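Heads up: the structure comes next, in structure tokens.
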Amino acid sequence: MLNIEEALQAILDHATPLIPITMPLDKAAGLVLAEDVIAHGNVPPFANSAMDGFAVLAADIQQASEAAPVRLRILEDVPAGSIATQPVRPGTAIRIMTGAPLPDGADTVVHVEVTRAEGDDVLILLALKNGTNVRSAGEDMMDGTVVLTAGTVLRPGEVGVCAAAGHATVTVHPRARVAILTTGSELVDAAEVPEPGQIRDANAHSLRAQVAAMGTEPVVFARVPDTHAAVRSVLQQALIQADIVLTNGGISVGDYDFVKEVLQEMGAGLIFWRVKQKPGKPMAFWTLGSKRIVGLPGNPVSCMVCTEEYVRPLVRHMMGHTLLYRPVRTAVLDEQYAKGSDAGRTHFVRVRLQERDGVLHATPTGPQGSGILTSMALAAGIAVIAEDTPLVEAGQTVHVQLTDLPEDH
């Protein structure tokens, strides 16, 4: 068996970023740029007003105050989208709206709040420095400069930068298509009342939610009965439609666990099977051409923990992300945690978190069995108890992955 570090490294060693594609900007939010974005023109393209007010010569208003206003003659109005028909000359002003081009001759905009109109004149009540309330051409971006580099994640702000720079399309690493296959003849839909020997299929829903939260495109298949033919048929379909295939269940050593057998028949290369961890020991990983297959355990907590610990970094790497791992903090464990007979394996302990007097405290979410799905719902983090640590006493510190926060390294 591999340890958790070896298993993760083996997966990432076989994770090749997806081939970049060009797509409409409005469909690319959350994706990673595969090429630099270069400004097509200055932004803004011309000097313009940052406020509603009056375009003036700063030299005209240096003595202005509420007690002694400076009177200027209004030449015309310039709304956004229009240009002035005449220049500003000494003793004159042009009423201007936010975003409108600065008229020739003007060097300053007096915001309307410190003015008072009187007929065809305006009274300026405040002296302003040259250039006040003026956005210069290229102030934000200069024509031909790189404004976003390859590897940048397109958050809403970056999407806006692309649009302002003149890019209606961008070249990005695409969303990974992730197939979700749950196996087990005992599984029924969440809406059904289970018959004797049956259970509701929670994994299909939690897996889909986890995969969607990664920014991928989930490809969900109907539940797969435990027969060789059914498993082979759905795997063939999934490998055509997806970049990554997640199988859930069917990878242990039972008479009805067919996933490993079928993948071997199909020519998939088994990279590893089983990891020294709890929960999730019977996890497996295969490659088949450009496709990656992760065999997730059937127990619901094992499935979710393995997806968090291994599938999420795999997906992010293939989608071009450089930050692959959740933030990790040191926390005081408020309860004793003993591994018992499972010492020698790394334990992923679901914990609640609370900051007290500037110190982060972690408390297990209750029973930690691999079938206790509520332990995941109650958790804000995962405490990682190293394989060589059989016991953590209350008050000792542990490393905790903050699973509610985005990756930072």
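Naming works like this for the structure tokens: A, B, ... for the chains as they're shown, residue 1 at the start of each chain, ligands 1 onward in shown order.
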Report task. Mind checking which residues fall within 8 Å of segment 228-232 of chain A, counting only C-alpha atoms, ignoring those fewer than 4 positions away in the same chain, and posting them as a VMD selection string? Result -> chain A and resid 183 224 236 258 to 259 262 to 263
Store the residues of this selection in a file with C-alpha atoms, as a PDB file, in the first residue's frame.
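The result, written out as result.pdb:
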ATOM      1  CA  THR A 183     -22.317   0.745  -8.585  1.00  0.00           C
ATOM      2  CA  VAL A 224     -24.941   0.420 -12.269  1.00  0.00           C
ATOM      3  CA  GLN A 236     -17.062   2.104 -22.120  1.00  0.00           C
ATOM      4  CA  PHE A 258     -16.186  -6.037 -11.094  1.00  0.00           C
ATOM      5  CA  VAL A 259     -14.615  -2.616 -11.678  1.00  0.00           C
ATOM      6  CA  VAL A 262     -13.286  -4.932 -16.272  1.00  0.00           C
ATOM      7  CA  LEU A 263     -10.719  -2.126 -16.407  1.00  0.00           C
TER       8      LEU A 263
END
Query - Neighbour list for segment 385-401 of chain A as a VMD selection string, cut-off 12 Å, only C-alpha atoms, skip fewer than 5 positions in-chain - result: chain A and resid 2 to 5 275 to 279 305 308 to 309 325 to 353 359 to 364 379 to 380 406 to 409
Query - Exercise: Ser82 of chain A partners within 10 Å, only C-alpha atoms, chain neighbours under 4 positions left out, as a count of residues only - result: 7
Report task. Write out as a PyMOL selection string the residues lying within 12 Å of Ile244 of chain A, counting only C-alpha atoms and excluding same-chain residues fewer than 4 positions away. Result -> chain A and resi 11+14-18+175-181+211+216-220+235+238-240+285-295+311-312+314-316+318-319
**Report entry** Coordinates-based distance that separates atom CA of Ile271 of chain A from atom CA of Gly184 of chain A (Å, one decimal)
**Finding:** 24.0 Å
